[in-house]
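Asks: entry_38.cif is reproduced below (mmCIF, C-alpha atoms and all ligand atoms; chains and numbers go by the auth columns).
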data_entry
loop_
_atom_site.group_PDB
_atom_site.id
_atom_site.type_symbol
_atom_site.label_atom_id
_atom_site.label_comp_id
_atom_site.label_asym_id
_atom_site.label_seq_id
_atom_site.Cartn_x
_atom_site.Cartn_y
_atom_site.Cartn_z
_atom_site.B_iso_or_equiv
_atom_site.auth_seq_id
_atom_site.auth_asym_id
ATOM 1 C CA MET A 1 -40.681 -97.519 -30.523 0.00 10 D
ATOM 2 C CA ASN A 2 -42.314 -100.304 -28.529 0.00 11 D
ATOM 3 C CA LYS A 3 -43.758 -102.884 -30.902 0.00 12 D
ATOM 4 C CA PRO A 4 -42.418 -106.101 -32.410 0.00 13 D
ATOM 5 C CA LEU A 5 -40.976 -105.874 -35.900 0.00 14 D
ATOM 6 C CA THR A 6 -40.172 -108.831 -38.129 0.00 15 D
ATOM 7 C CA LEU A 7 -37.422 -109.046 -40.723 0.00 16 D
ATOM 8 C CA ALA A 8 -39.057 -111.569 -43.034 0.00 17 D
ATOM 9 C CA THR A 9 -35.974 -112.024 -45.208 0.00 18 D
ATOM 10 C CA ALA A 10 -33.419 -112.510 -42.426 0.00 19 D
ATOM 11 C CA THR A 11 -31.081 -115.509 -42.683 0.00 20 D
ATOM 12 C CA PRO A 12 -31.774 -118.333 -41.892 0.00 21 D
ATOM 13 C CA PHE A 13 -35.432 -117.472 -41.090 0.00 22 D
ATOM 14 C CA PRO A 14 -37.470 -114.427 -39.998 0.00 23 D
ATOM 15 C CA TYR A 15 -36.156 -112.465 -37.004 0.00 24 D
ATOM 16 C CA THR A 16 -38.538 -110.635 -34.668 0.00 25 D
ATOM 17 C CA PHE A 17 -37.377 -107.883 -32.328 0.00 26 D
ATOM 18 C CA ASN A 18 -38.924 -105.050 -30.355 0.00 27 D
ATOM 19 C CA PRO A 19 -36.768 -101.898 -30.661 0.00 28 D
ATOM 20 C CA ALA A 20 -37.611 -100.998 -27.049 0.00 29 D
ATOM 21 C CA HIS A 21 -35.815 -104.160 -25.912 0.00 30 D
ATOM 22 C CA THR A 22 -33.059 -104.176 -28.506 0.00 31 D
ATOM 23 C CA ALA A 23 -29.636 -102.525 -28.543 0.00 32 D
ATOM 24 C CA LEU A 24 -27.660 -101.606 -31.628 0.00 33 D
ATOM 25 C CA VAL A 25 -24.083 -102.701 -30.890 0.00 34 D
ATOM 26 C CA VAL A 26 -21.237 -101.063 -32.784 0.00 35 D
ATOM 27 C CA ILE A 27 -18.024 -102.989 -32.260 0.00 36 D
ATOM 28 C CA ASP A 28 -14.616 -101.275 -32.310 0.00 37 D
ATOM 29 C CA MET A 29 -15.075 -98.697 -35.093 0.00 38 D
ATOM 30 C CA GLN A 30 -11.822 -97.132 -33.876 0.00 39 D
ATOM 31 C CA ARG A 31 -9.031 -95.294 -35.650 0.00 40 D
ATOM 32 C CA ASP A 32 -6.701 -98.149 -34.656 0.00 41 D
ATOM 33 C CA PHE A 33 -8.583 -100.515 -36.960 0.00 42 D
ATOM 34 C CA ILE A 34 -9.853 -98.177 -39.656 0.00 43 D
ATOM 35 C CA GLU A 35 -7.210 -95.520 -40.254 0.00 44 D
ATOM 36 C CA ALA A 36 -3.655 -95.746 -41.523 0.00 45 D
ATOM 37 C CA GLY A 37 -0.994 -95.932 -38.802 0.00 46 D
ATOM 38 C CA GLY A 38 -3.013 -97.950 -36.308 0.00 47 D
ATOM 39 C CA PHE A 39 -3.047 -101.475 -34.937 0.00 48 D
ATOM 40 C CA GLY A 40 -4.783 -103.013 -37.974 0.00 49 D
ATOM 41 C CA ALA A 41 -2.411 -101.416 -40.438 0.00 50 D
ATOM 42 C CA SER A 42 0.593 -102.422 -38.313 0.00 51 D
ATOM 43 C CA LEU A 43 -0.429 -106.042 -38.853 0.00 52 D
ATOM 44 C CA GLY A 44 -0.128 -105.541 -42.607 0.00 53 D
ATOM 45 C CA ASN A 45 -3.849 -105.172 -43.306 0.00 54 D
ATOM 46 C CA ASP A 46 -5.550 -103.043 -45.956 0.00 55 D
ATOM 47 C CA VAL A 47 -7.652 -100.682 -43.850 0.00 56 D
ATOM 48 C CA THR A 48 -9.583 -99.335 -46.851 0.00 57 D
ATOM 49 C CA LEU A 49 -11.669 -102.512 -46.784 0.00 58 D
ATOM 50 C CA LEU A 50 -13.020 -101.471 -43.381 0.00 59 D
ATOM 51 C CA GLN A 51 -13.431 -97.823 -44.324 0.00 60 D
ATOM 52 C CA ALA A 52 -15.948 -98.868 -46.986 0.00 61 D
ATOM 53 C CA ILE A 53 -18.671 -99.744 -44.428 0.00 62 D
ATOM 54 C CA VAL A 54 -18.561 -96.415 -42.577 0.00 63 D
ATOM 55 C CA PRO A 55 -21.453 -94.772 -44.531 0.00 64 D
ATOM 56 C CA THR A 56 -23.633 -97.856 -44.004 0.00 65 D
ATOM 57 C CA VAL A 57 -22.892 -97.986 -40.287 0.00 66 D
ATOM 58 C CA ARG A 58 -23.721 -94.290 -40.074 0.00 67 D
ATOM 59 C CA ARG A 59 -27.013 -94.740 -41.962 0.00 68 D
ATOM 60 C CA MET A 60 -28.018 -97.568 -39.650 0.00 69 D
ATOM 61 C CA LEU A 61 -27.046 -95.542 -36.567 0.00 70 D
ATOM 62 C CA ASP A 62 -29.099 -92.570 -37.791 0.00 71 D
ATOM 63 C CA ALA A 63 -32.156 -94.775 -38.367 0.00 72 D
ATOM 64 C CA TRP A 64 -31.773 -96.407 -34.961 0.00 73 D
ATOM 65 C CA ARG A 65 -31.262 -93.102 -33.182 0.00 74 D
ATOM 66 C CA SER A 66 -34.395 -91.713 -34.867 0.00 75 D
ATOM 67 C CA VAL A 67 -36.536 -94.315 -33.042 0.00 76 D
ATOM 68 C CA GLY A 68 -34.748 -93.690 -29.737 0.00 77 D
ATOM 69 C CA GLY A 69 -33.080 -97.125 -29.565 0.00 78 D
ATOM 70 C CA VAL A 70 -30.295 -98.026 -27.135 0.00 79 D
ATOM 71 C CA VAL A 71 -26.825 -97.815 -28.713 0.00 80 D
ATOM 72 C CA LEU A 72 -23.730 -99.527 -27.335 0.00 81 D
ATOM 73 C CA HIS A 73 -20.299 -98.684 -28.753 0.00 82 D
ATOM 74 C CA THR A 74 -17.310 -100.811 -27.818 0.00 83 D
ATOM 75 C CA ARG A 75 -13.610 -100.049 -28.086 0.00 84 D
ATOM 76 C CA GLU A 76 -10.828 -102.585 -27.848 0.00 85 D
ATOM 77 C CA ALA A 77 -8.641 -100.612 -25.459 0.00 86 D
ATOM 78 C CA HIS A 78 -6.317 -101.442 -22.609 0.00 87 D
ATOM 79 C CA ARG A 79 -5.337 -99.581 -19.475 0.00 88 D
ATOM 80 C CA PRO A 80 -2.209 -97.432 -19.861 0.00 89 D
ATOM 81 C CA ASP A 81 -0.312 -99.681 -17.423 0.00 90 D
ATOM 82 C CA LEU A 82 -1.294 -102.720 -19.536 0.00 91 D
ATOM 83 C CA SER A 83 -2.469 -104.526 -16.398 0.00 92 D
ATOM 84 C CA ASP A 84 -5.446 -105.852 -18.381 0.00 93 D
ATOM 85 C CA CYS A 85 -3.391 -106.991 -21.371 0.00 94 D
ATOM 86 C CA PRO A 86 -2.029 -110.511 -20.996 0.00 95 D
ATOM 87 C CA PRO A 87 1.556 -110.832 -22.276 0.00 96 D
ATOM 88 C CA ALA A 88 0.286 -113.633 -24.506 0.00 97 D
ATOM 89 C CA LYS A 89 -1.864 -111.077 -26.325 0.00 98 D
ATOM 90 C CA ARG A 90 0.714 -108.315 -26.419 0.00 99 D
ATOM 91 C CA LEU A 91 3.553 -110.452 -27.698 0.00 100 D
ATOM 92 C CA ARG A 92 1.670 -111.769 -30.718 0.00 101 D
ATOM 93 C CA GLY A 93 1.025 -109.715 -33.830 0.00 102 D
ATOM 94 C CA SER A 94 3.455 -107.207 -35.257 0.00 103 D
ATOM 95 C CA PRO A 95 6.990 -107.396 -33.770 0.00 104 D
ATOM 96 C CA THR A 96 7.538 -103.738 -34.667 0.00 105 D
ATOM 97 C CA LEU A 97 4.392 -102.159 -33.180 0.00 106 D
ATOM 98 C CA ARG A 98 2.851 -103.995 -30.269 0.00 107 D
ATOM 99 C CA ILE A 99 -0.128 -103.062 -28.078 0.00 108 D
ATOM 100 C CA GLY A 100 1.059 -100.230 -25.830 0.00 109 D
ATOM 101 C CA ASP A 101 3.890 -99.126 -28.123 0.00 110 D
ATOM 102 C CA VAL A 102 3.922 -95.560 -29.427 0.00 111 D
ATOM 103 C CA GLY A 103 2.775 -95.405 -33.046 0.00 112 D
ATOM 104 C CA PRO A 104 1.664 -92.614 -35.392 0.00 113 D
ATOM 105 C CA MET A 105 -1.645 -92.271 -33.485 0.00 114 D
ATOM 106 C CA GLY A 106 -0.256 -92.564 -29.974 0.00 115 D
ATOM 107 C CA ARG A 107 0.041 -95.754 -27.935 0.00 116 D
ATOM 108 C CA VAL A 108 -1.567 -98.654 -29.790 0.00 117 D
ATOM 109 C CA LEU A 109 -4.955 -99.819 -28.409 0.00 118 D
ATOM 110 C CA ILE A 110 -4.573 -97.840 -25.181 0.00 119 D
ATOM 111 C CA ALA A 111 -7.621 -96.114 -23.680 0.00 120 D
ATOM 112 C CA GLY A 112 -7.506 -92.350 -24.118 0.00 121 D
ATOM 113 C CA GLU A 113 -5.024 -92.394 -27.008 0.00 122 D
ATOM 114 C CA HIS A 114 -5.942 -90.931 -30.397 0.00 123 D
ATOM 115 C CA GLY A 115 -5.877 -94.331 -32.098 0.00 124 D
ATOM 116 C CA ALA A 116 -8.278 -95.896 -29.602 0.00 125 D
ATOM 117 C CA GLU A 117 -10.979 -93.295 -30.309 0.00 126 D
ATOM 118 C CA ILE A 118 -14.052 -94.145 -32.333 0.00 127 D
ATOM 119 C CA ILE A 119 -13.761 -92.521 -35.762 0.00 128 D
ATOM 120 C CA PRO A 120 -15.403 -89.077 -35.847 0.00 129 D
ATOM 121 C CA GLU A 121 -18.051 -90.078 -38.421 0.00 130 D
ATOM 122 C CA LEU A 122 -19.451 -92.588 -35.921 0.00 131 D
ATOM 123 C CA ALA A 123 -18.771 -90.705 -32.693 0.00 132 D
ATOM 124 C CA PRO A 124 -21.070 -91.718 -29.823 0.00 133 D
ATOM 125 C CA LEU A 125 -23.764 -89.224 -28.882 0.00 134 D
ATOM 126 C CA PRO A 126 -24.295 -88.133 -25.278 0.00 135 D
ATOM 127 C CA GLY A 127 -26.218 -90.830 -23.422 0.00 136 D
ATOM 128 C CA GLU A 128 -25.044 -93.702 -25.613 0.00 137 D
ATOM 129 C CA LEU A 129 -23.168 -96.530 -23.929 0.00 138 D
ATOM 130 C CA VAL A 130 -19.416 -96.668 -24.568 0.00 139 D
ATOM 131 C CA VAL A 131 -17.432 -99.580 -23.174 0.00 140 D
ATOM 132 C CA ASP A 132 -13.701 -100.287 -23.298 0.00 141 D
ATOM 133 C CA LYS A 133 -13.033 -103.997 -23.522 0.00 142 D
ATOM 134 C CA PRO A 134 -9.699 -105.718 -22.939 0.00 143 D
ATOM 135 C CA GLY A 135 -10.641 -108.806 -24.926 0.00 144 D
ATOM 136 C CA LYS A 136 -12.032 -109.558 -28.325 0.00 145 D
ATOM 137 C CA GLY A 137 -15.475 -110.297 -26.878 0.00 146 D
ATOM 138 C CA MET A 138 -17.517 -107.482 -25.333 0.00 147 D
ATOM 139 C CA PHE A 139 -18.523 -109.358 -22.176 0.00 148 D
ATOM 140 C CA TYR A 140 -15.065 -110.445 -21.005 0.00 149 D
ATOM 141 C CA GLY A 141 -13.779 -108.059 -18.297 0.00 150 D
ATOM 142 C CA THR A 142 -16.623 -105.543 -18.790 0.00 151 D
ATOM 143 C CA THR A 143 -19.984 -104.606 -17.274 0.00 152 D
ATOM 144 C CA VAL A 144 -21.830 -104.991 -20.588 0.00 153 D
ATOM 145 C CA ASP A 145 -24.210 -107.696 -19.359 0.00 154 D
ATOM 146 C CA ALA A 146 -25.376 -105.531 -16.453 0.00 155 D
ATOM 147 C CA LEU A 147 -25.643 -102.421 -18.635 0.00 156 D
ATOM 148 C CA LEU A 148 -27.894 -104.258 -21.095 0.00 157 D
ATOM 149 C CA SER A 149 -30.011 -106.182 -18.618 0.00 158 D
ATOM 150 C CA HIS A 150 -30.663 -103.067 -16.515 0.00 159 D
ATOM 151 C CA ARG A 151 -32.166 -101.531 -19.653 0.00 160 D
ATOM 152 C CA GLY A 152 -34.361 -104.552 -20.368 0.00 161 D
ATOM 153 C CA ILE A 153 -32.399 -105.494 -23.485 0.00 162 D
ATOM 154 C CA THR A 154 -33.035 -108.989 -24.838 0.00 163 D
ATOM 155 C CA HIS A 155 -32.086 -108.561 -28.515 0.00 164 D
ATOM 156 C CA LEU A 156 -28.871 -107.256 -30.098 0.00 165 D
ATOM 157 C CA LEU A 157 -28.202 -105.977 -33.607 0.00 166 D
ATOM 158 C CA PHE A 158 -24.457 -106.113 -34.334 0.00 167 D
ATOM 159 C CA MET A 159 -22.279 -104.004 -36.606 0.00 168 D
ATOM 160 C CA GLY A 160 -18.576 -103.200 -36.584 0.00 169 D
ATOM 161 C CA VAL A 161 -15.162 -104.722 -37.105 0.00 170 D
ATOM 162 C CA THR A 162 -13.718 -107.155 -37.624 0.00 171 D
ATOM 163 C CA THR A 163 -16.408 -109.677 -38.471 0.00 172 D
ATOM 164 C CA GLU A 164 -14.564 -112.847 -37.572 0.00 173 D
ATOM 165 C CA VAL A 165 -12.678 -111.500 -34.549 0.00 174 D
ATOM 166 C CA CYS A 166 -14.362 -109.027 -32.185 0.00 175 D
ATOM 167 C CA VAL A 167 -17.817 -109.067 -33.786 0.00 176 D
ATOM 168 C CA GLN A 168 -18.071 -112.829 -33.958 0.00 177 D
ATOM 169 C CA THR A 169 -16.628 -113.305 -30.455 0.00 178 D
ATOM 170 C CA SER A 170 -19.046 -110.753 -28.987 0.00 179 D
ATOM 171 C CA MET A 171 -22.026 -112.304 -30.758 0.00 180 D
ATOM 172 C CA ARG A 172 -21.090 -115.766 -29.523 0.00 181 D
ATOM 173 C CA GLU A 173 -20.676 -114.487 -25.956 0.00 182 D
ATOM 174 C CA ALA A 174 -24.076 -112.760 -26.222 0.00 183 D
ATOM 175 C CA ASN A 175 -25.754 -115.872 -27.595 0.00 184 D
ATOM 176 C CA ASP A 176 -24.423 -117.925 -24.690 0.00 185 D
ATOM 177 C CA ARG A 177 -25.963 -115.386 -22.312 0.00 186 D
ATOM 178 C CA GLY A 178 -29.390 -115.718 -23.919 0.00 187 D
ATOM 179 C CA TYR A 179 -29.504 -112.624 -26.143 0.00 188 D
ATOM 180 C CA GLU A 180 -31.202 -113.011 -29.539 0.00 189 D
ATOM 181 C CA CYS A 181 -28.573 -111.684 -31.935 0.00 190 D
ATOM 182 C CA LEU A 182 -28.599 -110.481 -35.526 0.00 191 D
ATOM 183 C CA LEU A 183 -25.552 -109.417 -37.527 0.00 192 D
ATOM 184 C CA ILE A 184 -26.078 -106.609 -40.039 0.00 193 D
ATOM 185 C CA GLU A 185 -24.344 -108.012 -43.094 0.00 194 D
ATOM 186 C CA ASP A 186 -23.226 -104.767 -44.747 0.00 195 D
ATOM 187 C CA GLY A 187 -22.476 -103.086 -41.404 0.00 196 D
ATOM 188 C CA THR A 188 -19.549 -105.371 -40.636 0.00 197 D
ATOM 189 C CA GLU A 189 -16.271 -106.035 -42.409 0.00 198 D
ATOM 190 C CA SER A 190 -13.049 -107.978 -42.256 0.00 199 D
ATOM 191 C CA TYR A 191 -9.563 -107.426 -43.657 0.00 200 D
ATOM 192 C CA PHE A 192 -10.188 -110.846 -45.228 0.00 201 D
ATOM 193 C CA PRO A 193 -13.437 -110.952 -47.269 0.00 202 D
ATOM 194 C CA GLU A 194 -13.420 -114.746 -47.218 0.00 203 D
ATOM 195 C CA PHE A 195 -13.333 -114.713 -43.402 0.00 204 D
ATOM 196 C CA LYS A 196 -16.374 -112.402 -43.338 0.00 205 D
ATOM 197 C CA ALA A 197 -18.293 -114.757 -45.612 0.00 206 D
ATOM 198 C CA ALA A 198 -17.299 -117.769 -43.514 0.00 207 D
ATOM 199 C CA ALA A 199 -18.250 -116.039 -40.252 0.00 208 D
ATOM 200 C CA LEU A 200 -21.685 -115.103 -41.576 0.00 209 D
ATOM 201 C CA ALA A 201 -22.241 -118.676 -42.723 0.00 210 D
ATOM 202 C CA MET A 202 -21.049 -120.173 -39.415 0.00 211 D
ATOM 203 C CA LEU A 203 -23.105 -117.880 -37.200 0.00 212 D
ATOM 204 C CA THR A 204 -26.379 -118.474 -39.014 0.00 213 D
ATOM 205 C CA ALA A 205 -25.945 -122.184 -39.833 0.00 214 D
ATOM 206 C CA GLN A 206 -27.731 -125.045 -38.100 0.00 215 D
ATOM 207 C CA GLY A 207 -30.964 -123.117 -37.516 0.00 216 D
ATOM 208 C CA ALA A 208 -29.349 -119.858 -36.308 0.00 217 D
ATOM 209 C CA ILE A 209 -26.957 -121.622 -33.950 0.00 218 D
ATOM 210 C CA VAL A 210 -25.484 -118.253 -32.923 0.00 219 D
ATOM 211 C CA GLY A 211 -28.035 -115.937 -34.522 0.00 220 D
ATOM 212 C CA TRP A 212 -29.393 -114.296 -37.639 0.00 221 D
ATOM 213 C CA SER A 213 -28.132 -111.951 -40.322 0.00 222 D
ATOM 214 C CA ALA A 214 -29.834 -109.383 -42.552 0.00 223 D
ATOM 215 C CA PRO A 215 -28.825 -106.383 -44.664 0.00 224 D
ATOM 216 C CA SER A 216 -29.127 -102.909 -43.121 0.00 225 D
ATOM 217 C CA SER A 217 -31.782 -102.022 -45.700 0.00 226 D
ATOM 218 C CA ALA A 218 -34.126 -104.633 -44.212 0.00 227 D
ATOM 219 C CA VAL A 219 -33.711 -103.216 -40.691 0.00 228 D
ATOM 220 C CA ILE A 220 -34.087 -99.612 -41.836 0.00 229 D
ATOM 221 C CA GLN A 221 -37.160 -100.449 -43.905 0.00 230 D
ATOM 222 C CA ALA A 222 -38.774 -102.225 -40.940 0.00 231 D
ATOM 223 C CA LEU A 223 -38.110 -99.223 -38.690 0.00 232 D
ATOM 224 C CA GLN A 224 -39.442 -96.752 -41.258 0.00 233 D
ATOM 225 C CA SER A 225 -42.578 -98.701 -42.093 0.00 234 D
ATOM 226 C CA ALA A 226 -43.552 -99.208 -38.442 0.00 235 D
HETATM 227 C C1 LIG B . -8.985 -107.390 -33.819 0.00 301 B
HETATM 228 C C2 LIG B . -11.210 -106.521 -33.553 0.00 301 B
HETATM 229 N N1 LIG B . -9.205 -107.836 -35.043 0.00 301 B
HETATM 230 N N2 LIG B . -11.857 -105.454 -33.139 0.00 301 B
HETATM 231 N N3 LIG B . -9.919 -106.682 -33.143 0.00 301 B
HETATM 232 O O1 LIG B . -7.931 -107.598 -33.278 0.00 301 B
HETATM 233 O O2 LIG B . -11.742 -107.305 -34.318 0.00 301 B
#
Translate this file's structure into structure tokens.
Replies:
Amino acid sequence: MNKPLTLATATPFPYTFNPAHTALVVIDMQRDFIEAGGFGASLGNDVTLLQAIVPTVRRMLDAWRSVGGVVLHTREAHRPDLSDCPPAKRLRGSPTLRIGDVGPMGRVLIAGEHGAEIIPELAPLPGELVVDKPGKGMFYGTTVDALLSHRGITHLLFMGVTTEVCVQTSMREANDRGYECLLIEDGTESYFPEFKAAALAMLTAQGAIVGWSAPSSAVIQALQSA
């Protein structure tokens, strides 16, 4: 679909995007964050909070795929030799199950392990972009900027987990690189609902200082009515 669409009710003011130049970004919807026995659970978090957004993320993905839009999935995943995992990152968190340790779903946050996979409900389709990132943000240590710019992408719609960590970091990195970013409010979640609310407020404050937000229904309706 190659025509500008406007989300009139976006926060803090209307957001205009052309699906032909926009990517739907799905951050880290991996077993390690969403299922029991993974990295998120090892940190003492209630993973059911994150599981609740899966149907919404799937609905949004289906709508986006139906108009042929670019999809980028990220995974927070390190190399098996941990050469891209700074000790400062590895040594924080749970003392009993660190990044690279063997847990119930294989080695925690390691590329290729069961826990690092995207959950089956949201599995990437052939042709969709899938990027392993060693940091919280999707640009650090990756080729994401080149992948997007080679496809003429100027606008990004974000979903995924967790709102205030990898989603927020990625959206801030994207904003600094000139992308026009919107966070899909019900397509993102945190283990801490108050952190999600604060992140949404921070990102959209001061005249969209980092970007916009809108519910998935607004995006889906715009796509369907076009
Ligand atoms: C975290 C992420 N929370 N994907 N990663 O460590 O947000």
Asks: Compare D:Pro224, D:Gly146, D:Pro129, D:Gly161 by their minimum atom-to-atom distance to ligand LIG 301 (chain B), counting all atoms listed in the file, and give me the closest one.
Replies: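 Checking each of D:Pro224, D:Gly146, D:Pro129, D:Gly161 against ligand LIG 301 (chain B), counting all atoms listed in the file, the winner is D:Gly146.
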Asks: Please put the answer as lines of an AutoDock Vina configuration file: centre and edge lengths, in Å with one decimal, of a box along x, y and z that encloses all listed atoms of ligand LIG 301 (chain B) plus 8 Å on each side.
Replies:
center_x = -9.9
center_y = -106.6
center_z = -34.1
size_x = 19.9
size_y = 18.4
size_z = 17.9
Asks: Translate the PyMOL selection byres (((chain D and resi 160) around 10) and not hetatm) into a concrete residue list for this structure, as a JSON list (two decimals) with C-alpha atoms, keeping the file's coordinate frame.
Replies:
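Now in out_3.json:
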[["chain", "number", "residue", "atom", "x", "y", "z"],
["D", 29, "ALA", "CA", -37.61, -101.00, -27.05],
["D", 30, "HIS", "CA", -35.82, -104.16, -25.91],
["D", 31, "THR", "CA", -33.06, -104.18, -28.51],
["D", 32, "ALA", "CA", -29.64, -102.52, -28.54],
["D", 79, "VAL", "CA", -30.30, -98.03, -27.14],
["D", 155, "ALA", "CA", -25.38, -105.53, -16.45],
["D", 156, "LEU", "CA", -25.64, -102.42, -18.64],
["D", 157, "LEU", "CA", -27.89, -104.26, -21.10],
["D", 158, "SER", "CA", -30.01, -106.18, -18.62],
["D", 159, "HIS", "CA", -30.66, -103.07, -16.52],
["D", 161, "GLY", "CA", -34.36, -104.55, -20.37],
["D", 162, "ILE", "CA", -32.40, -105.49, -23.48],
["D", 163, "THR", "CA", -33.03, -108.99, -24.84]]
Asks: Give me the residues within 8 Å of segment 114-123 of chain D as an MDAnalysis selection string, counting only C-alpha atoms and dropping any in the same chain fewer than 4 places off.
Replies: chainID D and resid 40:41 46:48 85:89 106:110 141
Asks: Around ligand LIG 301 (chain B), at most 9 Å away and counting only C-alpha atoms and all ligand atoms, which residues are there? Put them as a ChimeraX atom specification, please.
Replies: /D:36-39,42,48-49,83-85,144-146,169-178,199-200
Asks: Pick the closest to Gly216 of chain D from D:Thr15, D:Tyr24, D:Glu126, D:Asp195: which is it, counting all atoms listed in the file?
Replies: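 Smallest distance to Gly216 of chain D is found for D:Tyr24.
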Asks: Between atom CA of Arg101 of chain D and atom CA of Ala206 of chain D, what is the distance, to one decimal in Å?
Replies: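 If I compute the distance from atom CA of Arg101 of chain D to atom CA of Ala206 of chain D, I get 25.1 Å.
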Asks: Reconstruct N, CA and C atoms of segment 10-27 of chain D from the incomplete input and present them as a PDB file, in the coordinates of the input.
Replies:
ATOM      1  N   MET D  10     -39.686 -96.703 -29.816  1.00  0.00           N
ATOM      2  CA  MET D  10     -40.681 -97.519 -30.523  1.00  0.00           C
ATOM      3  C   MET D  10     -40.852 -98.838 -29.763  1.00  0.00           C
ATOM      4  N   ASN D  11     -42.075 -99.114 -29.355  1.00  0.00           N
ATOM      5  CA  ASN D  11     -42.314-100.304 -28.529  1.00  0.00           C
ATOM      6  C   ASN D  11     -43.341-101.203 -29.215  1.00  0.00           C
ATOM      7  N   LYS D  12     -42.901-101.879 -30.255  1.00  0.00           N
ATOM      8  CA  LYS D  12     -43.758-102.884 -30.902  1.00  0.00           C
ATOM      9  C   LYS D  12     -42.870-103.856 -31.655  1.00  0.00           C
ATOM     10  N   PRO D  13     -43.264-105.117 -31.731  1.00  0.00           N
ATOM     11  CA  PRO D  13     -42.418-106.101 -32.410  1.00  0.00           C
ATOM     12  C   PRO D  13     -42.369-105.864 -33.918  1.00  0.00           C
ATOM     13  N   LEU D  14     -41.180-105.993 -34.449  1.00  0.00           N
ATOM     14  CA  LEU D  14     -40.976-105.874 -35.900  1.00  0.00           C
ATOM     15  C   LEU D  14     -40.379-107.196 -36.368  1.00  0.00           C
ATOM     16  N   THR D  15     -40.719-107.582 -37.598  1.00  0.00           N
ATOM     17  CA  THR D  15     -40.172-108.831 -38.129  1.00  0.00           C
ATOM     18  C   THR D  15     -39.418-108.569 -39.421  1.00  0.00           C
ATOM     19  N   LEU D  16     -38.200-109.098 -39.485  1.00  0.00           N
ATOM     20  CA  LEU D  16     -37.422-109.046 -40.723  1.00  0.00           C
ATOM     21  C   LEU D  16     -37.681-110.369 -41.443  1.00  0.00           C
ATOM     22  N   ALA D  17     -38.593-110.322 -42.403  1.00  0.00           N
ATOM     23  CA  ALA D  17     -39.057-111.569 -43.034  1.00  0.00           C
ATOM     24  C   ALA D  17     -37.948-112.247 -43.825  1.00  0.00           C
ATOM     25  N   THR D  18     -36.997-111.447 -44.324  1.00  0.00           N
ATOM     26  CA  THR D  18     -35.974-112.024 -45.208  1.00  0.00           C
ATOM     27  C   THR D  18     -34.661-112.299 -44.482  1.00  0.00           C
ATOM     28  N   ALA D  19     -34.665-112.225 -43.168  1.00  0.00           N
ATOM     29  CA  ALA D  19     -33.419-112.510 -42.426  1.00  0.00           C
ATOM     30  C   ALA D  19     -32.973-113.947 -42.701  1.00  0.00           C
ATOM     31  N   THR D  20     -31.672-114.171 -42.545  1.00  0.00           N
ATOM     32  CA  THR D  20     -31.081-115.509 -42.683  1.00  0.00           C
ATOM     33  C   THR D  20     -30.854-116.084 -41.281  1.00  0.00           C
ATOM     34  N   PRO D  21     -31.222-117.322 -40.989  1.00  0.00           N
ATOM     35  CA  PRO D  21     -31.774-118.333 -41.892  1.00  0.00           C
ATOM     36  C   PRO D  21     -33.298-118.360 -41.911  1.00  0.00           C
ATOM     37  N   PHE D  22     -33.964-117.553 -41.065  1.00  0.00           N
ATOM     38  CA  PHE D  22     -35.432-117.472 -41.090  1.00  0.00           C
ATOM     39  C   PHE D  22     -35.820-116.157 -40.417  1.00  0.00           C
ATOM     40  N   PRO D  23     -37.097-115.756 -40.496  1.00  0.00           N
ATOM     41  CA  PRO D  23     -37.470-114.427 -39.998  1.00  0.00           C
ATOM     42  C   PRO D  23     -37.043-114.169 -38.550  1.00  0.00           C
ATOM     43  N   TYR D  24     -36.647-112.907 -38.320  1.00  0.00           N
ATOM     44  CA  TYR D  24     -36.156-112.465 -37.004  1.00  0.00           C
ATOM     45  C   TYR D  24     -37.113-111.406 -36.484  1.00  0.00           C
ATOM     46  N   THR D  25     -37.606-111.601 -35.273  1.00  0.00           N
ATOM     47  CA  THR D  25     -38.538-110.635 -34.668  1.00  0.00           C
ATOM     48  C   THR D  25     -37.871-109.965 -33.478  1.00  0.00           C
ATOM     49  N   PHE D  26     -37.972-108.641 -33.437  1.00  0.00           N
ATOM     50  CA  PHE D  26     -37.377-107.883 -32.328  1.00  0.00           C
ATOM     51  C   PHE D  26     -38.249-106.677 -32.017  1.00  0.00           C
ATOM     52  N   ASN D  27     -38.225-106.267 -30.761  1.00  0.00           N
ATOM     53  CA  ASN D  27     -38.924-105.050 -30.355  1.00  0.00           C
ATOM     54  C   ASN D  27     -37.842-103.996 -30.087  1.00  0.00           C
TER      55      ASN D  27
END
